[in-house]
$ cat final02.txt   # compact mmCIF, C-alpha atoms and all ligand atoms
# COMPACT_ATOMS: atom_id res chain seq x y z
CA MET A 1 265.25 167.25 -49.09
CA GLU A 2 261.89 165.66 -50.08
CA LYS A 3 261.72 163.80 -46.76
CA LEU A 4 262.31 167.04 -44.89
CA LEU A 5 259.62 168.91 -46.83
CA GLU A 6 257.20 166.05 -46.32
CA ALA A 7 257.85 166.01 -42.56
CA LEU A 8 257.39 169.79 -42.34
CA GLN A 9 253.96 169.52 -43.92
CA GLN A 10 252.89 166.84 -41.46
CA ARG A 11 254.05 168.14 -38.08
CA ILE A 12 256.07 170.56 -36.03
CA LEU A 13 259.65 169.28 -36.09
CA ILE A 14 261.78 169.24 -32.95
CA MET A 15 265.31 170.59 -32.83
CA ASP A 16 267.87 169.65 -30.19
CA GLY A 17 269.01 171.81 -27.27
CA ALA A 18 272.28 173.37 -26.18
CA MET A 19 275.60 171.73 -27.00
CA GLY A 20 277.73 173.94 -24.70
CA THR A 21 275.53 173.33 -21.66
CA MET A 22 275.93 169.58 -22.14
CA ILE A 23 279.70 169.76 -22.73
CA GLN A 24 280.07 171.63 -19.42
CA ARG A 25 278.70 168.58 -17.59
CA TYR A 26 281.80 166.60 -18.57
CA LYS A 27 284.03 169.08 -16.66
CA LEU A 28 286.89 168.63 -19.12
CA ASP A 29 290.26 170.14 -18.21
CA GLU A 30 292.95 171.45 -20.54
CA ALA A 31 294.29 167.92 -21.17
CA GLY A 32 290.75 166.72 -21.91
CA TYR A 33 290.32 169.32 -24.63
CA ARG A 34 293.74 168.57 -26.14
CA GLY A 35 293.35 164.81 -26.32
CA SER A 36 296.38 163.07 -27.78
CA GLN A 37 296.32 164.85 -31.16
CA PHE A 38 296.77 168.37 -29.76
CA ARG A 39 298.97 167.55 -26.76
CA ASN A 40 301.69 169.86 -28.02
CA HIS A 41 299.55 172.68 -29.43
CA PRO A 42 301.20 176.00 -28.48
CA ARG A 43 298.00 177.72 -27.26
CA ASP A 44 295.50 176.94 -24.48
CA LEU A 45 292.58 174.93 -25.86
CA LYS A 46 290.21 174.66 -22.89
CA GLY A 47 286.89 176.07 -24.07
CA ALA A 48 287.43 175.23 -27.75
CA ASN A 49 284.26 173.12 -27.77
CA ASP A 50 284.27 172.51 -31.52
CA LEU A 51 287.68 170.85 -31.25
CA LEU A 52 286.11 168.07 -29.16
CA SER A 53 284.74 166.59 -32.38
CA LEU A 54 288.36 165.62 -33.10
CA THR A 55 289.69 164.96 -29.60
CA GLN A 56 286.61 163.58 -27.74
CA PRO A 57 284.22 162.42 -30.47
CA GLN A 58 282.51 159.94 -28.12
CA ILE A 59 281.31 162.86 -25.92
CA ILE A 60 279.77 164.68 -28.88
CA GLU A 61 278.16 161.44 -30.03
CA GLU A 62 276.69 160.89 -26.55
CA ILE A 63 275.18 164.37 -26.52
CA HIS A 64 273.61 163.86 -29.96
CA ARG A 65 272.14 160.54 -28.76
CA ALA A 66 270.70 162.16 -25.64
CA TYR A 67 268.83 164.70 -27.78
CA LEU A 68 267.63 162.12 -30.30
CA ASP A 69 266.38 159.95 -27.40
CA ALA A 70 264.55 163.01 -26.09
CA GLY A 71 262.66 163.32 -29.39
CA ALA A 72 264.74 165.63 -31.57
CA ASP A 73 264.12 165.37 -35.33
CA ILE A 74 267.01 167.72 -36.17
CA ILE A 75 270.38 167.77 -34.40
CA GLU A 76 273.00 170.46 -34.82
CA THR A 77 276.65 169.74 -35.51
CA ASN A 78 279.24 170.78 -32.93
CA THR A 79 280.57 173.56 -35.15
CA PHE A 80 279.14 176.84 -33.83
CA ASN A 81 282.57 178.55 -33.79
CA ALA A 82 284.29 176.39 -36.40
CA GLN A 83 285.44 178.98 -38.91
CA ALA A 84 288.88 180.54 -39.27
CA ILE A 85 287.89 183.91 -37.75
CA SER A 86 286.78 182.50 -34.38
CA MET A 87 289.29 179.64 -34.39
CA ALA A 88 292.14 182.17 -34.60
CA ASP A 89 291.65 182.68 -30.84
CA TYR A 90 293.05 179.19 -30.34
CA GLY A 91 295.47 179.06 -33.27
CA LEU A 92 293.25 176.38 -34.83
CA GLU A 93 292.64 177.99 -38.24
CA PRO A 94 294.44 175.18 -40.14
CA HIS A 95 292.04 172.62 -38.63
CA VAL A 96 288.75 174.28 -39.56
CA TYR A 97 287.91 171.94 -42.43
CA ASP A 98 288.71 168.83 -40.38
CA ILE A 99 286.63 170.01 -37.41
CA ASN A 100 283.59 170.64 -39.61
CA HIS A 101 284.05 167.45 -41.55
CA ALA A 102 284.43 165.32 -38.39
CA SER A 103 281.52 167.05 -36.62
CA ALA A 104 279.20 166.44 -39.56
CA GLN A 105 280.30 162.81 -39.80
CA ILE A 106 279.64 162.18 -36.09
CA ALA A 107 276.13 163.64 -36.31
CA ARG A 108 275.44 161.81 -39.59
CA LYS A 109 276.53 158.47 -38.14
CA VAL A 110 274.33 158.86 -35.06
CA VAL A 111 271.29 160.05 -37.01
CA ASP A 112 271.54 157.16 -39.46
CA THR A 113 271.21 154.67 -36.59
CA TYR A 114 267.93 156.34 -35.53
CA SER A 115 266.22 157.04 -38.80
CA SER A 116 264.29 153.78 -39.24
CA ASP A 117 261.07 154.87 -37.48
CA ARG A 118 260.94 158.42 -38.83
CA PRO A 119 263.42 160.60 -40.72
CA ARG A 120 265.88 162.67 -38.68
CA PHE A 121 268.19 165.31 -40.00
CA VAL A 122 271.60 166.89 -39.40
CA ALA A 123 271.85 170.67 -39.47
CA GLY A 124 275.31 172.18 -39.88
CA SER A 125 275.66 174.87 -37.24
CA ILE A 126 277.25 178.06 -38.58
CA GLY A 127 277.72 180.70 -35.87
CA PRO A 128 278.00 184.46 -36.38
CA THR A 129 281.81 184.55 -35.75
CA ASN A 130 283.25 186.79 -33.05
CA ARG A 131 283.48 189.85 -35.33
CA THR A 132 280.79 192.16 -36.61
CA ALA A 133 280.88 193.41 -40.20
CA SER A 134 278.62 196.45 -39.96
CA LEU A 135 279.70 198.05 -36.67
CA SER A 136 282.98 199.52 -35.48
CA PRO A 137 284.55 198.04 -32.34
CA ASP A 138 286.55 201.30 -32.04
CA VAL A 139 284.57 204.17 -30.47
CA ASN A 140 287.06 206.70 -31.86
CA ASN A 141 286.75 205.48 -35.43
CA PRO A 142 283.22 204.65 -36.57
CA ALA A 143 284.45 203.67 -40.04
CA PHE A 144 286.74 200.95 -38.70
CA ARG A 145 285.68 197.33 -39.22
CA GLY A 146 287.13 194.29 -37.44
CA VAL A 147 286.30 192.08 -40.43
CA THR A 148 285.35 192.54 -44.08
CA PHE A 149 282.52 190.92 -46.01
CA ASP A 150 285.04 189.05 -48.18
CA GLN A 151 286.91 187.68 -45.15
CA LEU A 152 283.62 186.40 -43.76
CA VAL A 153 282.68 184.81 -47.09
CA ASP A 154 286.04 182.99 -47.28
CA ALA A 155 285.75 181.75 -43.70
CA TYR A 156 282.16 180.57 -44.15
CA TYR A 157 282.92 178.93 -47.50
CA GLU A 158 285.56 176.73 -45.90
CA GLN A 159 283.20 175.82 -43.04
CA VAL A 160 280.37 174.96 -45.45
CA ARG A 161 282.74 172.80 -47.50
CA GLY A 162 283.65 170.75 -44.42
CA LEU A 163 280.02 170.42 -43.30
CA VAL A 164 278.71 169.33 -46.70
CA ASP A 165 281.58 166.91 -47.29
CA GLY A 166 280.82 165.44 -43.87
CA GLY A 167 277.20 164.80 -44.83
CA VAL A 168 274.88 167.43 -43.32
CA ASP A 169 271.27 167.67 -44.59
CA ILE A 170 270.70 171.35 -43.75
CA LEU A 171 272.88 174.44 -43.36
CA LEU A 172 272.05 176.64 -40.38
CA PRO A 173 273.61 180.10 -40.05
CA GLU A 174 272.44 180.98 -36.53
CA THR A 175 272.56 183.46 -33.67
CA THR A 176 272.95 186.29 -36.16
CA PHE A 177 273.54 189.56 -34.33
CA ASP A 178 274.64 191.41 -37.47
CA THR A 179 272.64 190.87 -40.66
CA LEU A 180 275.71 191.64 -42.79
CA ASN A 181 277.49 188.62 -41.25
CA LEU A 182 274.44 186.52 -42.14
CA LYS A 183 274.44 187.85 -45.69
CA ALA A 184 278.09 186.82 -45.99
CA ALA A 185 277.17 183.31 -44.78
CA LEU A 186 274.27 183.08 -47.25
CA PHE A 187 276.51 184.35 -50.05
CA ALA A 188 279.17 181.75 -49.21
CA ILE A 189 276.52 179.00 -49.17
CA GLN A 190 275.14 180.03 -52.55
CA LYS A 191 278.64 180.27 -54.00
CA PHE A 192 279.55 176.82 -52.67
CA CYS A 193 276.31 175.27 -53.95
CA ALA A 194 276.87 176.81 -57.40
CA ASP A 195 280.52 175.65 -57.50
CA ARG A 196 279.54 172.09 -56.54
CA ASP A 197 276.20 172.06 -58.33
CA VAL A 198 274.41 170.91 -55.16
CA ARG A 199 271.35 172.22 -53.33
CA LEU A 200 270.90 172.17 -49.57
CA PRO A 201 268.03 173.59 -47.53
CA VAL A 202 269.06 176.62 -45.46
CA MET A 203 267.64 177.74 -42.12
CA ALA A 204 268.56 181.36 -41.32
CA SER A 205 268.38 182.34 -37.67
CA ILE A 206 268.64 185.80 -36.22
CA THR A 207 268.97 186.76 -32.58
CA ILE A 208 267.20 189.65 -30.88
CA THR A 209 269.42 191.01 -28.16
CA ASP A 210 267.25 193.60 -26.46
CA ALA A 211 263.71 194.19 -25.36
CA SER A 212 263.08 196.81 -28.05
CA GLY A 213 263.14 193.98 -30.60
CA ARG A 214 266.29 194.85 -32.52
CA THR A 215 269.37 192.90 -33.47
CA LEU A 216 272.73 194.05 -32.13
CA SER A 217 273.37 195.85 -35.42
CA GLY A 218 270.12 197.77 -34.83
CA GLN A 219 267.63 196.24 -37.26
CA THR A 220 264.02 195.46 -36.48
CA VAL A 221 262.73 191.94 -37.16
CA GLU A 222 261.01 193.01 -40.39
CA ALA A 223 264.08 194.90 -41.62
CA SER A 224 266.25 191.83 -40.98
CA TRP A 225 263.81 189.66 -42.89
CA ASN A 226 263.71 192.09 -45.81
CA SER A 227 267.52 192.06 -45.89
CA ILE A 228 267.74 188.29 -46.41
CA SER A 229 264.45 187.42 -48.12
CA HIS A 230 266.19 187.34 -51.53
CA ALA A 231 268.03 184.15 -50.53
CA PRO A 232 266.44 180.74 -51.13
CA LEU A 233 265.63 179.74 -47.55
CA LEU A 234 263.76 176.81 -46.05
CA THR A 235 263.07 178.62 -42.78
CA VAL A 236 263.69 181.90 -41.05
CA GLY A 237 263.58 182.18 -37.30
CA ILE A 238 264.95 183.43 -34.02
CA ASN A 239 267.26 181.72 -31.54
CA CYS A 240 269.35 182.36 -28.43
CA ALA A 241 269.62 185.69 -26.53
CA LEU A 242 266.15 185.94 -25.02
CA GLY A 243 263.94 183.31 -23.47
CA ALA A 244 260.65 182.24 -25.02
CA ARG A 245 258.69 184.78 -22.95
CA GLU A 246 260.63 187.77 -24.34
CA MET A 247 260.80 186.27 -27.83
CA ARG A 248 257.02 185.93 -28.17
CA PRO A 249 256.14 189.20 -29.97
CA HIS A 250 259.08 188.80 -32.37
CA ILE A 251 258.11 185.26 -33.40
CA GLU A 252 254.53 186.45 -33.81
CA GLU A 253 255.72 189.21 -36.16
CA LEU A 254 258.00 186.94 -38.18
CA ALA A 255 255.24 184.34 -38.55
CA ARG A 256 252.97 187.06 -39.91
CA ILE A 257 255.39 188.47 -42.50
CA ALA A 258 257.47 185.51 -43.76
CA PRO A 259 256.03 183.36 -46.57
CA ILE A 260 258.35 180.46 -45.63
CA TYR A 261 258.62 178.06 -42.66
CA ILE A 262 259.41 179.45 -39.20
CA HIS A 263 261.76 178.03 -36.58
CA CYS A 264 262.32 179.10 -33.01
CA TYR A 265 264.78 177.84 -30.38
CA PRO A 266 265.11 180.21 -27.45
CA ASN A 267 267.43 180.07 -24.47
CA ALA A 268 266.05 178.60 -21.26
CA GLY A 269 265.05 182.11 -20.15
CA LEU A 270 267.30 185.07 -19.49
CA PRO A 271 270.51 184.25 -17.59
CA ASN A 272 270.31 185.10 -13.87
CA ALA A 273 272.98 186.90 -11.82
CA LEU A 274 275.09 183.73 -11.78
CA GLY A 275 274.83 183.29 -15.53
CA GLU A 276 272.50 180.31 -15.16
CA TYR A 277 269.22 179.75 -16.96
CA ASP A 278 266.08 179.41 -14.89
CA GLU A 279 263.38 178.23 -17.28
CA THR A 280 262.44 174.65 -16.41
CA PRO A 281 261.36 172.05 -18.98
CA GLN A 282 257.77 172.53 -17.75
CA SER A 283 257.68 176.33 -17.89
CA MET A 284 259.54 176.59 -21.20
CA SER A 285 257.45 173.95 -22.93
CA ALA A 286 254.23 175.65 -21.78
CA LEU A 287 255.42 178.93 -23.34
CA LEU A 288 256.30 177.22 -26.61
CA ARG A 289 253.03 175.30 -26.71
CA ASP A 290 251.30 178.68 -26.71
CA PHE A 291 253.40 179.63 -29.81
CA ALA A 292 252.26 176.46 -31.54
CA GLU A 293 248.61 177.03 -30.57
CA ASN A 294 248.88 180.40 -32.28
CA ASN A 295 250.16 178.68 -35.45
CA TRP A 296 253.56 180.35 -35.41
CA LEU A 297 255.81 177.26 -35.47
CA ASN A 298 257.23 174.76 -37.94
CA ILE A 299 260.43 173.83 -36.09
CA VAL A 300 261.04 174.34 -32.37
CA GLY A 301 263.83 173.49 -29.93
CA GLY A 302 266.17 175.06 -27.41
CA CYS A 303 269.35 177.13 -27.29
CA CYS A 304 271.65 178.05 -24.34
CA GLY A 305 270.74 176.43 -21.03
CA THR A 306 268.40 173.83 -22.51
CA THR A 307 268.94 170.10 -21.94
CA PRO A 308 267.46 166.83 -23.19
CA ASP A 309 264.79 167.21 -20.47
CA HIS A 310 263.73 170.54 -22.00
CA ILE A 311 263.57 169.01 -25.47
CA ARG A 312 261.55 166.02 -24.22
CA ALA A 313 259.03 168.38 -22.60
CA ILE A 314 258.83 170.63 -25.69
CA ALA A 315 258.31 167.64 -27.99
CA ALA A 316 255.47 166.39 -25.78
CA ALA A 317 253.90 169.86 -25.54
CA VAL A 318 253.55 170.42 -29.30
CA ARG A 319 252.96 166.80 -30.38
CA ASP A 320 249.21 167.16 -30.96
CA LEU A 321 249.37 170.60 -32.60
CA PRO A 322 249.47 171.22 -36.37
CA PRO A 323 252.38 172.96 -38.09
CA ARG A 324 252.01 176.56 -39.24
CA GLN A 325 251.14 177.24 -42.86
CA PRO A 326 253.53 179.81 -44.39
CA ALA A 327 252.06 183.33 -44.50
CA LYS A 328 250.55 184.62 -47.72
CA VAL A 329 252.06 188.01 -48.37
CA ASP A 330 251.53 190.47 -51.21
CA ARG A 331 254.45 191.21 -53.48
CA PHE A 332 255.59 194.77 -52.87
CA LEU A 333 258.93 196.50 -52.99
CA ARG A 334 260.26 195.80 -49.49
CA LEU A 335 263.45 197.54 -48.45
CA SER A 336 265.43 197.76 -45.27
CA GLY A 337 267.78 200.01 -43.39
CA LEU A 338 267.51 199.76 -39.65
CA GLU A 339 263.75 199.97 -40.25
CA SER A 340 261.76 198.32 -43.02
CA LEU A 341 260.18 200.25 -45.89
CA THR A 342 257.34 198.82 -47.95
CA VAL A 343 256.39 200.69 -51.13
CA ARG A 344 252.74 199.92 -51.92
CA PRO A 345 250.93 201.02 -55.08
CA ASP A 346 248.80 203.36 -52.99
CA SER A 347 251.99 205.05 -51.78
CA ILE A 348 252.34 206.44 -55.29
CA GLY A 349 250.10 209.41 -55.84
CA SER A 350 249.14 209.85 -52.22
CA ASN A 351 252.74 209.92 -50.91
CA PHE A 352 256.15 210.67 -52.30
CA VAL A 353 258.79 208.01 -51.74
CA VAL A 354 261.90 210.07 -51.35
CA VAL A 355 265.06 208.41 -52.63
CA GLY A 356 268.24 210.36 -52.08
CA GLU A 357 271.12 210.08 -54.51
CA ARG A 358 274.12 212.27 -54.02
CA THR A 359 276.64 210.38 -56.15
CA ASN A 360 276.46 208.02 -59.10
CA ILE A 361 279.17 206.07 -60.93
CA THR A 362 277.53 206.60 -64.31
CA GLY A 363 277.10 210.34 -63.75
CA SER A 364 280.62 211.17 -62.65
CA PRO A 365 283.76 209.62 -64.18
CA LYS A 366 285.81 210.94 -61.26
CA PHE A 367 283.52 209.27 -58.72
CA ALA A 368 283.52 206.04 -60.78
CA GLN A 369 287.34 206.06 -60.78
CA CYS A 370 287.40 206.41 -56.98
CA ILE A 371 285.03 203.44 -56.56
CA LYS A 372 286.93 201.30 -59.09
CA SER A 373 290.28 201.91 -57.43
CA GLY A 374 288.88 201.37 -53.94
CA ASP A 375 289.54 205.00 -52.94
CA LEU A 376 286.49 205.24 -50.67
CA ASP A 377 287.77 208.33 -48.83
CA GLY A 378 288.03 210.10 -52.19
CA ALA A 379 284.52 209.00 -53.12
CA LEU A 380 283.22 210.19 -49.76
CA ALA A 381 284.86 213.59 -50.27
CA ILE A 382 282.96 214.00 -53.57
CA ALA A 383 279.70 212.97 -51.88
CA ARG A 384 280.25 215.53 -49.12
CA LYS A 385 280.78 218.45 -51.51
ZN ZN A 401 271.95 180.42 -27.27
$ encode --input "final02.txt" --output "structure tokens"
Amino acid sequence: MEKLLEALQQRILIMDGAMGTMIQRYKLDEAGYRGSQFRNHPRDLKGANDLLSLTQPQIIEEIHRAYLDAGADIIETNTFNAQAISMADYGLEPHVYDINHASAQIARKVVDTYSSDRPRFVAGSIGPTNRTASLSPDVNNPAFRGVTFDQLVDAYYEQVRGLVDGGVDILLPETTFDTLNLKAALFAIQKFCADRDVRLPVMASITITDASGRTLSGQTVEASWNSISHAPLLTVGINCALGAREMRPHIEELARIAPIYIHCYPNAGLPNALGEYDETPQSMSALLRDFAENNWLNIVGGCCGTTPDHIRAIAAAVRDLPPRQPAKVDRFLRLSGLESLTVRPDSIGSNFVVVGERTNITGSPKFAQCIKSGDLDGALAIARK
């Protein structure tokens, strides 16, 4: 942890690029994914990239080495989908701990062979899962949820346990399209760290999925930040979805409002009609150099479509530029719905801050009973009266 903080004060750190893009190059077939251990698994496993840490560890090791050779200071474990909710697609839920543990060990082993000249770090990749906690996947039932907060916490807790036991330096919940999923990941991390009495730096990464600058669950960048700023974080940042060009105003905003370190690892541009990424190492690194020249960056790398060549070019482009100093922000009451709300002292007197309260567990025993017994429909009926 001290080494990481020291490095962050000295320079902009480089993250690795895409894992999936590199795995594709190996053109593995179904048998390749299965290896010998999963030869008789009852479900198809082609595409279960995280499983390769168990069945083809030498491939994952090679990819890590390629990124470290390209100049990465931080490499991500091959665990983006390695929690029970996503792994259910492949019937791999019982293997979640082993996948995370093995993935962390592979990255740890590789990093430790490189760390003599300067420190390098392993970040445990924690994806958003394939469910969303705050939106309904059923158009006819807006109250329906495909997953609960508690299910997410349990799934993330198990993933974190495997990653930490395997030796990661950092935990990285990333590609967050729904802030409630991220809050479940942060809650699970804090719970695990309290249970084990350990502390690990956390990088929290959101993804902006459309040009209006909102997450899939509809929050603005500032509202997302307000939603998670209570958690002890090393960095906050944006990854995936958009390329660097489209991400620019959102990184600028985050760098202005967050009093902690900022990371950024965009895709290699927006996917074209064939689903390929067009941003070259040269064009992408020029865009990111501009971010660094504006003092917005502490950690930078690449997401989908990026390769070791991209990372090499990015590392060279920001090498001579200083790291950003965290923003100084005034302490105000900062709230969030889909939008952010900042209550400043001058709001009082000149403006009313309207807070609506229709129901209250201390004011109504009947309402309190509904909440206690989990009768949310009953509680809602009282609120509607
Ligand atoms: Zn991505």
$ atom_distance --input "final02.txt" --atom1 "atom CA of A:Pro201" --atom2 "atom CA of A:Met1"
7.1 Å
$ residues_near_ligand --input "final02.txt" --ligand "ligand ZN 401 (chain A)" --cutoff "8 Å" --atoms "all atoms listed in the file" --output "ChimeraX atom specification"
/A:18,175,239-241,266-267,302-305
$ atom_distance --input "final02.txt" --atom1 "atom CA of A:Asp150" --atom2 "atom CA of A:Asn181"
10.3 Å
$ closest_residue --input "final02.txt" --among "A:Glu158, A:Ala107, A:Glu293, A:Gln190" --to "A:Pro94" --atoms "all atoms listed in the file"
A:Glu158
$ residues_near_point --input "final02.txt" --point "(282.8, 163.0, -36.5)" --cutoff "10 Å" --atoms "all atoms listed in the file" --output "list in words"
Leu52, Ser53, Leu54, Thr55, Gln56, Pro57, Gln58, Ile60, Glu61, Thr77, Asn78, Asp98, Ile99, Asn100, His101, Ala102, Ser103, Ala104, Gln105, Ile106, Ala107, Arg108, Lys109, Val110 and Gly166 of chain A
$ build_atoms --input "final02.txt" --residues "stretch 126-155 of chain A" --atoms "N, CA and C atoms" --output "CSV table (one decimal), in the frame of the given file"
chain,number,residue,atom,x,y,z
A,126,ILE,N,276.3,177.0,-38.1
A,126,ILE,CA,277.2,178.1,-38.6
A,126,ILE,C,277.0,179.3,-37.7
A,127,GLY,N,277.9,179.6,-36.8
A,127,GLY,CA,277.7,180.7,-35.9
A,127,GLY,C,278.1,182.0,-36.5
A,128,PRO,N,277.9,183.1,-35.8
A,128,PRO,CA,278.0,184.5,-36.4
A,128,PRO,C,279.4,184.9,-36.5
A,129,THR,N,280.4,184.2,-36.0
A,129,THR,CA,281.8,184.6,-35.8
A,129,THR,C,281.9,185.5,-34.6
A,130,ASN,N,283.1,185.9,-34.2
A,130,ASN,CA,283.2,186.8,-33.0
A,130,ASN,C,283.6,188.2,-33.5
A,131,ARG,N,283.3,188.5,-34.8
A,131,ARG,CA,283.5,189.8,-35.3
A,131,ARG,C,282.2,190.3,-35.9
A,132,THR,N,282.0,191.6,-36.0
A,132,THR,CA,280.8,192.2,-36.6
A,132,THR,C,281.1,193.0,-37.8
A,133,ALA,N,280.5,192.8,-38.9
A,133,ALA,CA,280.9,193.4,-40.2
A,133,ALA,C,280.3,194.8,-40.4
A,134,SER,N,279.2,195.2,-39.7
A,134,SER,CA,278.6,196.4,-40.0
A,134,SER,C,278.8,197.5,-38.8
A,135,LEU,N,279.5,197.1,-37.8
A,135,LEU,CA,279.7,198.0,-36.7
A,135,LEU,C,281.2,198.2,-36.4
A,136,SER,N,281.6,199.3,-35.8
A,136,SER,CA,283.0,199.5,-35.5
A,136,SER,C,283.2,199.1,-34.0
A,137,PRO,N,284.2,198.3,-33.7
A,137,PRO,CA,284.6,198.0,-32.3
A,137,PRO,C,285.4,199.2,-31.7
A,138,ASP,N,285.7,200.2,-32.5
A,138,ASP,CA,286.6,201.3,-32.0
A,138,ASP,C,285.7,202.6,-31.9
A,139,VAL,N,285.5,203.0,-30.7
A,139,VAL,CA,284.6,204.2,-30.5
A,139,VAL,C,285.1,205.4,-31.1
A,140,ASN,N,286.5,205.5,-31.3
A,140,ASN,CA,287.1,206.7,-31.9
A,140,ASN,C,287.1,206.7,-33.4
A,141,ASN,N,286.7,205.6,-34.0
A,141,ASN,CA,286.8,205.5,-35.4
A,141,ASN,C,285.6,204.7,-36.0
A,142,PRO,N,284.4,205.4,-36.2
A,142,PRO,CA,283.2,204.6,-36.6
A,142,PRO,C,283.3,204.0,-37.9
A,143,ALA,N,284.3,204.3,-38.7
A,143,ALA,CA,284.4,203.7,-40.0
A,143,ALA,C,285.3,202.4,-40.0
A,144,PHE,N,285.9,202.1,-38.8
A,144,PHE,CA,286.7,201.0,-38.7
A,144,PHE,C,285.9,199.7,-38.7
A,145,ARG,N,286.4,198.6,-39.3
A,145,ARG,CA,285.7,197.3,-39.2
A,145,ARG,C,286.7,196.2,-38.8
A,146,GLY,N,286.3,195.4,-37.9
A,146,GLY,CA,287.1,194.3,-37.4
A,146,GLY,C,287.2,193.2,-38.5
A,147,VAL,N,286.3,193.1,-39.4
A,147,VAL,CA,286.3,192.1,-40.4
A,147,VAL,C,285.6,192.6,-41.7
A,148,THR,N,286.0,192.1,-42.9
A,148,THR,CA,285.4,192.5,-44.1
A,148,THR,C,284.4,191.5,-44.6
A,149,PHE,N,283.5,191.9,-45.4
A,149,PHE,CA,282.5,190.9,-46.0
A,149,PHE,C,283.3,189.8,-46.7
A,150,ASP,N,284.3,190.1,-47.5
A,150,ASP,CA,285.0,189.0,-48.2
A,150,ASP,C,285.7,188.1,-47.2
A,151,GLN,N,286.3,188.6,-46.1
A,151,GLN,CA,286.9,187.7,-45.2
A,151,GLN,C,285.9,186.7,-44.6
A,152,LEU,N,284.7,187.3,-44.3
A,152,LEU,CA,283.6,186.4,-43.8
A,152,LEU,C,283.2,185.3,-44.8
A,153,VAL,N,283.1,185.8,-46.0
A,153,VAL,CA,282.7,184.8,-47.1
A,153,VAL,C,283.7,183.7,-47.2
A,154,ASP,N,285.0,184.0,-47.2
A,154,ASP,CA,286.0,183.0,-47.3
A,154,ASP,C,286.0,182.0,-46.1
A,155,ALA,N,285.8,182.6,-44.9
A,155,ALA,CA,285.8,181.8,-43.7
A,155,ALA,C,284.5,180.8,-43.7
